[in-house]
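Below: one structure, written as structure tokens.
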Amino acid sequence: MRRLAKTLAVVLALGPAAAGMAAENVTGFTLDNGMEVVVIEDHRAPLVVHMVWYRAGAADEPPGQSGAAHFLEHLMFKGTEELEPGEFSATVAAQGGRDNAFTSYDYTAYFQRVAADRLGLMMEMEADRMTNLALAEEDIVTERGVVLEERNQRVENEPGALFREQVSAALWLNHPYGAPVIGWQHEIAALDEAAVKAFYRRFYAPNNAILIVAGDTTPEEVRRLAEEHYGPIPENPAVRALDRPKEPPHRAARRVKMEDARVAQPYVMRQYRAPKRNPGDQEQAAALLLLAEILGGGQTSVLTQRLQFEEQLSVYAGAYYGATRRDDSTIGFFVVPSEGVSLEEAEEALDRVLEDFMETGVDSEQLDRIKLQLRASLIYERDDVQALANRYGRALASGLTLDDIAAWPEVLQAVTEEDIMAVAREVLVPESSVTGWLSAGDSPVPAPDAGQPALPDAGAVTPEEVTQ
């Protein structure tokens, strides 16, 4: 209640602007070569975040070349015709800034956070590597080894990551979302210069990119600099929306059971195929987001209250929904059973809670509280220009528009109890689900104290981005 009171106080203190969720100070325009530009003004500190998002990610890779998008992300930090390998990041650091990049299924993004008067230099260097990437054979060999070691550390040595790969592969029968963003190990090992250069030439072009600048600047300044640095780059006529494989109807529930002696904390995970945010039609996605929050979004959620506090069958439970995808998305649940509770009992408990929810419906007070918290979180986000740039970039790179982004807060607030129950009945059906069990099998499970891995959370069970 104290947290709710604090949240309410923040919303009320911000007055009508917060109540109506007035849009951020955002301007959008397009260069003659097709590059989309978005400026988010925030003049409170003399810094900017400069981001270039390419509408190309792991789901756009040719069959047999999983990991190509992420591999290229690594190689973009090598040299160009103008810059030596490593000089890009060294220059950013010398300006007192920081830079990095990340790859997802639907996009690859590169960013720098620097003093506002260094914006032109960032555009100059980013425009250079958009077209002039220079790769030597030793770069390919060395960085491929780096990526393979990254996979070893993040996936091969983490049973939970291996398990999530198997669940995702079982959920997507035909769509490339079933392959991991980082790539399958054997396919990473086979990636060569030809594969990387083909991906680069096909997708890295101004008419397949979104430039986002957030911070202490103006639309006029960004337009001038963007036309100077990005404007001369010709559009690539070969760039087009990729016709990805379509997912067939799901007609049977699937199950995954994985045992690994390294597992310290077994858990049950279930995913359902679900709609994503559609341009001009975001209501169903908003209802799904609220459904996930109601069922597993925190300490007051239905799963936590029932399974952790009332029945003491779990030490942790949660739900998640990824709204921002170019194609279909997922909604999922996980239950970490208490000591002495089997995975079978944990799954039965999850089923029981979902069945009861379908009968009893949404608690109106809980829904109002969640809506208030979501409203407040969007207000708090305005203090972080990096977070704002990320939110806009993910949405735009997934096919949404600035109008969709501006409307989203009020779309969330307009969702009714009936909307939530309707989408729950449509999406939470066995035929579109995969249920997974992760355990140590017959191996002794270490006690969950000294130095054991953290329990899974929504971020851990939905690894949709890989950062360099």
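Simple scheme: letters A, B, ... for chains in structure tokens order, numbers from 1 for residues in each chain, numbers from 1 for ligands in the order shown.
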
For Ala440 in chain A: contacts at 6 Å, only C-alpha atoms, fewer than 3 positions along chain excluded, given as a PyMOL selection string: chain A and resi 259-261+263+443

Between range 322-387 of chain A and range 232-247 of chain A, at 12 Å or less, what are the per-residue closest atom pairs and their distances in Å? Count only C-alpha atoms, order by chain and rising residue number, and return it as JSON lines.
```
{"residue": "A:Arg326", "atom": "CA", "partner": "A:Arg244", "partner_atom": "CA", "distance": 10.4}
{"residue": "A:Asp327", "atom": "CA", "partner": "A:Lys246", "partner_atom": "CA", "distance": 9.0}
{"residue": "A:Asp328", "atom": "CA", "partner": "A:Glu247", "partner_atom": "CA", "distance": 8.7}
{"residue": "A:Ser329", "atom": "CA", "partner": "A:Glu247", "partner_atom": "CA", "distance": 11.4}
```

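Between CA of His43 in chain A and CA of Thr218 in chain A the interatomic distance comes to 9.1 Å.
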
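Taking CA of Lys276 in chain A and CA of Thr108 in chain A as the two end points, the separation is 19.1 Å.
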
Taking 5 positions as the minimum chain separation for residues in the same chain, which residues sit within 6 Å of Ala109 in chain A when counting only C-alpha atoms? Answer as number ranges by chain. A: 52-53, 101-102

How far is it from CA of Ala319 in chain A to CA of Ala346 in chain A, in Å with one decimal?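 Atom-to-atom, CA of Ala319 in chain A and CA of Ala346 in chain A are spaced 14.6 Å apart.
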
Running DSSP on the backbone, which parts of range 209-396 of chain A land in alpha helix (DSSP H), as a CSV table (one decimal) with C-alpha atoms, in the first residue's frame?
```
chain,number,residue,atom,x,y,z
A,219,PRO,CA,15.1,18.6,-34.6
A,220,GLU,CA,16.8,21.3,-36.7
A,221,GLU,CA,20.3,20.4,-35.5
A,222,VAL,CA,19.7,16.7,-36.0
A,223,ARG,CA,18.3,17.2,-39.5
A,224,ARG,CA,21.3,19.4,-40.4
A,225,LEU,CA,23.8,16.8,-39.1
A,226,ALA,CA,21.9,13.8,-40.5
A,227,GLU,CA,21.7,15.3,-44.0
A,228,GLU,CA,25.4,16.0,-43.8
A,229,HIS,CA,26.6,12.6,-42.7
A,283,GLU,CA,-5.8,-3.3,-28.0
A,284,GLN,CA,-5.3,-7.0,-27.9
A,285,ALA,CA,-1.6,-6.6,-27.0
A,286,ALA,CA,-2.4,-4.2,-24.3
A,287,ALA,CA,-4.9,-6.7,-22.8
A,288,LEU,CA,-2.2,-9.4,-22.9
A,289,LEU,CA,0.3,-7.2,-21.2
A,290,LEU,CA,-2.2,-6.5,-18.4
A,291,LEU,CA,-3.0,-10.2,-18.2
A,292,ALA,CA,0.6,-11.1,-17.6
A,293,GLU,CA,0.9,-8.4,-14.9
A,294,ILE,CA,-2.2,-9.7,-13.2
A,295,LEU,CA,-1.2,-13.3,-13.2
A,296,GLY,CA,2.5,-13.0,-12.6
A,302,VAL,CA,-2.3,-14.1,-8.7
A,303,LEU,CA,0.4,-16.7,-9.1
A,343,LEU,CA,7.6,-30.5,-11.0
A,344,GLU,CA,4.5,-32.4,-11.6
A,345,GLU,CA,2.8,-30.9,-8.5
A,346,ALA,CA,4.1,-27.4,-9.6
A,347,GLU,CA,2.6,-27.8,-13.0
A,348,GLU,CA,-0.7,-29.0,-11.6
A,349,ALA,CA,-0.7,-26.0,-9.3
A,350,LEU,CA,-0.1,-23.7,-12.3
A,351,ASP,CA,-3.0,-25.3,-14.1
A,352,ARG,CA,-5.3,-24.9,-11.1
A,353,VAL,CA,-4.6,-21.2,-10.7
A,354,LEU,CA,-5.2,-20.6,-14.4
A,355,GLU,CA,-8.4,-22.5,-14.4
A,356,ASP,CA,-9.6,-20.7,-11.3
A,357,PHE,CA,-8.7,-17.3,-12.9
A,358,MET,CA,-10.8,-18.2,-16.0
A,359,GLU,CA,-13.8,-18.8,-13.7
A,360,THR,CA,-13.4,-15.9,-11.3
A,364,SER,CA,-11.0,-4.7,-10.6
A,365,GLU,CA,-9.0,-3.2,-7.7
A,366,GLN,CA,-5.9,-5.1,-8.8
A,367,LEU,CA,-6.4,-4.0,-12.4
A,368,ASP,CA,-6.7,-0.3,-11.4
A,369,ARG,CA,-3.5,-0.6,-9.3
A,370,ILE,CA,-1.6,-2.2,-12.2
A,371,LYS,CA,-2.7,0.5,-14.6
A,372,LEU,CA,-1.6,3.2,-12.2
A,373,GLN,CA,1.8,1.5,-11.8
A,374,LEU,CA,2.2,1.3,-15.6
A,375,ARG,CA,1.3,4.9,-16.0
A,376,ALA,CA,3.9,5.9,-13.3
A,377,SER,CA,6.6,3.7,-14.9
A,378,LEU,CA,6.2,5.6,-18.2
A,379,ILE,CA,6.5,8.8,-16.3
A,380,TYR,CA,9.7,7.7,-14.5
A,381,GLU,CA,11.2,6.6,-17.8
A,385,VAL,CA,17.0,9.4,-22.3
A,386,GLN,CA,18.6,6.0,-23.0
A,387,ALA,CA,15.4,4.2,-22.0
A,388,LEU,CA,13.3,6.5,-24.1
A,389,ALA,CA,15.5,6.0,-27.2
A,390,ASN,CA,15.3,2.2,-26.6
A,391,ARG,CA,11.5,2.2,-26.3
A,392,TYR,CA,11.0,4.2,-29.5
A,393,GLY,CA,13.6,2.2,-31.4
A,394,ARG,CA,12.2,-1.2,-30.4
A,395,ALA,CA,8.7,-0.2,-31.4
A,396,LEU,CA,9.7,1.4,-34.7
```

Please return as number ranges by chain: the residues of range 211-418 of chain A that backbone DSSP assigns to strand (DSSP E). A: 211-215, 254-259, 267-274, 314-321, 329-337

Prev. selection, N, CA and C atoms, output as a short mmCIF file (atom, residue, chain, number, x, y, z; two decimals), in the first residue's frame:
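File selection-v3.cif, as written:
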```
data_model
loop_
_atom_site.label_atom_id
_atom_site.label_comp_id
_atom_site.auth_asym_id
_atom_site.auth_seq_id
_atom_site.Cartn_x
_atom_site.Cartn_y
_atom_site.Cartn_z
N LEU A 211 17.30 6.28 -37.35
CA LEU A 211 18.20 7.08 -36.52
C LEU A 211 17.38 7.70 -35.39
N ILE A 212 17.79 7.44 -34.15
CA ILE A 212 17.13 8.05 -33.00
C ILE A 212 18.16 8.84 -32.21
N VAL A 213 17.85 10.10 -31.97
CA VAL A 213 18.70 10.96 -31.14
C VAL A 213 17.84 11.48 -30.00
N ALA A 214 18.26 11.19 -28.78
CA ALA A 214 17.51 11.62 -27.59
C ALA A 214 18.43 12.43 -26.70
N GLY A 215 17.94 13.58 -26.24
CA GLY A 215 18.72 14.37 -25.31
C GLY A 215 18.74 15.84 -25.68
N ARG A 254 2.71 -29.30 -26.73
CA ARG A 254 4.02 -29.94 -26.78
C ARG A 254 4.66 -29.90 -25.40
N ARG A 255 5.57 -30.84 -25.16
CA ARG A 255 6.24 -30.92 -23.87
C ARG A 255 7.74 -31.09 -24.07
N VAL A 256 8.50 -30.46 -23.18
CA VAL A 256 9.96 -30.58 -23.18
C VAL A 256 10.39 -30.94 -21.76
N LYS A 257 11.18 -31.99 -21.65
CA LYS A 257 11.72 -32.40 -20.35
C LYS A 257 13.23 -32.46 -20.48
N MET A 258 13.91 -31.64 -19.70
CA MET A 258 15.36 -31.58 -19.79
C MET A 258 15.98 -31.82 -18.42
N GLU A 259 16.99 -32.68 -18.39
CA GLU A 259 17.70 -32.96 -17.14
C GLU A 259 19.17 -32.62 -17.33
N TYR A 267 12.55 -25.92 -12.33
CA TYR A 267 11.33 -25.12 -12.47
C TYR A 267 10.53 -25.58 -13.67
N VAL A 268 9.28 -25.15 -13.68
CA VAL A 268 8.33 -25.42 -14.76
C VAL A 268 8.16 -24.14 -15.56
N MET A 269 8.16 -24.27 -16.86
CA MET A 269 7.98 -23.11 -17.74
C MET A 269 6.94 -23.46 -18.80
N ARG A 270 6.04 -22.53 -19.06
CA ARG A 270 5.06 -22.74 -20.12
C ARG A 270 4.96 -21.50 -20.99
N GLN A 271 4.97 -21.70 -22.30
CA GLN A 271 4.83 -20.61 -23.25
C GLN A 271 3.64 -20.88 -24.16
N TYR A 272 2.96 -19.79 -24.53
CA TYR A 272 1.88 -19.84 -25.50
C TYR A 272 2.21 -18.87 -26.63
N ARG A 273 1.91 -19.27 -27.84
CA ARG A 273 1.98 -18.33 -28.96
C ARG A 273 0.90 -17.27 -28.75
N ALA A 274 1.26 -16.00 -29.01
CA ALA A 274 0.34 -14.91 -28.73
C ALA A 274 0.49 -13.80 -29.77
N SER A 314 5.52 -22.82 -4.02
CA SER A 314 6.61 -22.29 -4.84
C SER A 314 7.42 -21.27 -4.05
N VAL A 315 8.67 -21.11 -4.46
CA VAL A 315 9.49 -20.04 -3.90
C VAL A 315 9.50 -18.85 -4.84
N TYR A 316 9.01 -19.05 -6.05
CA TYR A 316 8.97 -17.96 -7.02
C TYR A 316 8.03 -18.37 -8.15
N ALA A 317 7.28 -17.40 -8.67
CA ALA A 317 6.41 -17.65 -9.81
C ALA A 317 6.22 -16.33 -10.55
N GLY A 318 6.01 -16.41 -11.84
CA GLY A 318 5.86 -15.17 -12.59
C GLY A 318 5.29 -15.41 -13.97
N ALA A 319 5.09 -14.29 -14.66
CA ALA A 319 4.57 -14.33 -16.03
C ALA A 319 5.23 -13.21 -16.82
N TYR A 320 5.22 -13.33 -18.13
CA TYR A 320 5.82 -12.32 -18.99
C TYR A 320 5.12 -12.33 -20.34
N TYR A 321 5.18 -11.20 -21.01
CA TYR A 321 4.62 -11.08 -22.36
C TYR A 321 5.49 -10.11 -23.14
N SER A 329 4.15 -13.20 -31.08
CA SER A 329 4.92 -13.13 -29.85
C SER A 329 4.55 -14.29 -28.95
N THR A 330 4.92 -14.19 -27.67
CA THR A 330 4.62 -15.24 -26.70
C THR A 330 4.18 -14.62 -25.38
N ILE A 331 3.37 -15.37 -24.66
CA ILE A 331 3.10 -15.09 -23.26
C ILE A 331 3.48 -16.35 -22.51
N GLY A 332 4.10 -16.19 -21.36
CA GLY A 332 4.61 -17.35 -20.66
C GLY A 332 4.51 -17.25 -19.16
N PHE A 333 4.65 -18.41 -18.51
CA PHE A 333 4.57 -18.52 -17.05
C PHE A 333 5.68 -19.45 -16.56
N PHE A 334 6.12 -19.25 -15.34
CA PHE A 334 7.10 -20.16 -14.75
C PHE A 334 6.83 -20.29 -13.25
N VAL A 335 7.11 -21.47 -12.74
CA VAL A 335 6.92 -21.77 -11.33
C VAL A 335 8.16 -22.49 -10.83
N VAL A 336 8.78 -21.94 -9.79
CA VAL A 336 9.92 -22.58 -9.13
C VAL A 336 9.38 -23.22 -7.86
N PRO A 337 9.31 -24.55 -7.80
CA PRO A 337 8.64 -25.20 -6.66
C PRO A 337 9.44 -25.09 -5.37
#
```

Surrounding residues of Gly280 in chain A excluding itself and chain neighbours under 6 positions, 12 Å, only C-alpha atoms, as a compact mmCIF listing (two decimals) with N, CA and C atoms, in the first residue's frame:
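Result file follows (part04.txt):
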```txt
# COMPACT_ATOMS: atom_id res chain seq x y z
N GLY A 399 7.90 -2.36 -36.56
CA GLY A 399 6.81 -2.06 -37.48
C GLY A 399 5.77 -1.10 -36.96
N LEU A 400 5.90 -0.63 -35.71
CA LEU A 400 4.95 0.34 -35.19
C LEU A 400 5.32 1.75 -35.65
N THR A 401 4.42 2.69 -35.43
CA THR A 401 4.63 4.07 -35.86
C THR A 401 4.72 4.99 -34.65
N LEU A 402 5.12 6.23 -34.89
CA LEU A 402 5.15 7.21 -33.80
C LEU A 402 3.75 7.42 -33.21
N ASP A 403 2.73 7.37 -34.05
CA ASP A 403 1.36 7.49 -33.55
C ASP A 403 1.01 6.32 -32.63
N ASP A 404 1.45 5.11 -32.98
CA ASP A 404 1.21 3.95 -32.13
C ASP A 404 1.89 4.12 -30.77
N ILE A 405 3.13 4.59 -30.79
CA ILE A 405 3.87 4.77 -29.54
C ILE A 405 3.19 5.81 -28.66
N ALA A 406 2.75 6.91 -29.27
CA ALA A 406 2.07 7.96 -28.51
C ALA A 406 0.75 7.47 -27.93
N ALA A 407 0.06 6.59 -28.67
CA ALA A 407 -1.27 6.13 -28.22
C ALA A 407 -1.18 5.03 -27.18
N TRP A 408 -0.05 4.31 -27.11
CA TRP A 408 0.06 3.13 -26.26
C TRP A 408 -0.33 3.35 -24.81
N VAL A 411 -4.04 3.42 -24.64
CA VAL A 411 -4.59 2.12 -25.01
C VAL A 411 -4.56 1.19 -23.80
```

Check the smallest atom-to-atom distance from each of A:Ala59, A:Leu173, A:Ala422, A:Val48 to Ala116 in chain A using only C-alpha atoms, then report the winner.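 Ranking A:Ala59, A:Leu173, A:Ala422, A:Val48 by distance to Ala116 in chain A, first place goes to A:Val48.
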
Counting only C-alpha atoms, which residue out of A:Asp363, A:Asp419, A:Glu61, A:Glu187 sits closest to Asp106 in chain A?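 Selected residue with least distance to Asp106 in chain A: A:Glu61.
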
Considering only C-alpha atoms, can you say which of A:Ala190, A:Leu307, A:Ala58, A:Val423 comes closest to Ile140 in chain A?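 Checking each of A:Ala190, A:Leu307, A:Ala58, A:Val423 against Ile140 in chain A, counting only C-alpha atoms, the winner is A:Ala190.
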
Within 10 Å of Pro248 in chain A using only C-alpha atoms, minus same-chain residues under 5 positions, as an mmCIF file with C-alpha atoms, in the first residue's frame:
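Output contents, as saved in around_11.cif:
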```cif
data_model
loop_
_atom_site.group_PDB
_atom_site.id
_atom_site.type_symbol
_atom_site.label_atom_id
_atom_site.label_comp_id
_atom_site.auth_asym_id
_atom_site.auth_seq_id
_atom_site.Cartn_x
_atom_site.Cartn_y
_atom_site.Cartn_z
ATOM 1 C CA TRP A 172 7.906 -22.256 -33.170
ATOM 2 C CA LEU A 173 7.220 -24.995 -35.680
ATOM 3 C CA ASN A 174 8.313 -23.089 -38.781
ATOM 4 C CA HIS A 175 9.161 -19.486 -37.915
#
```
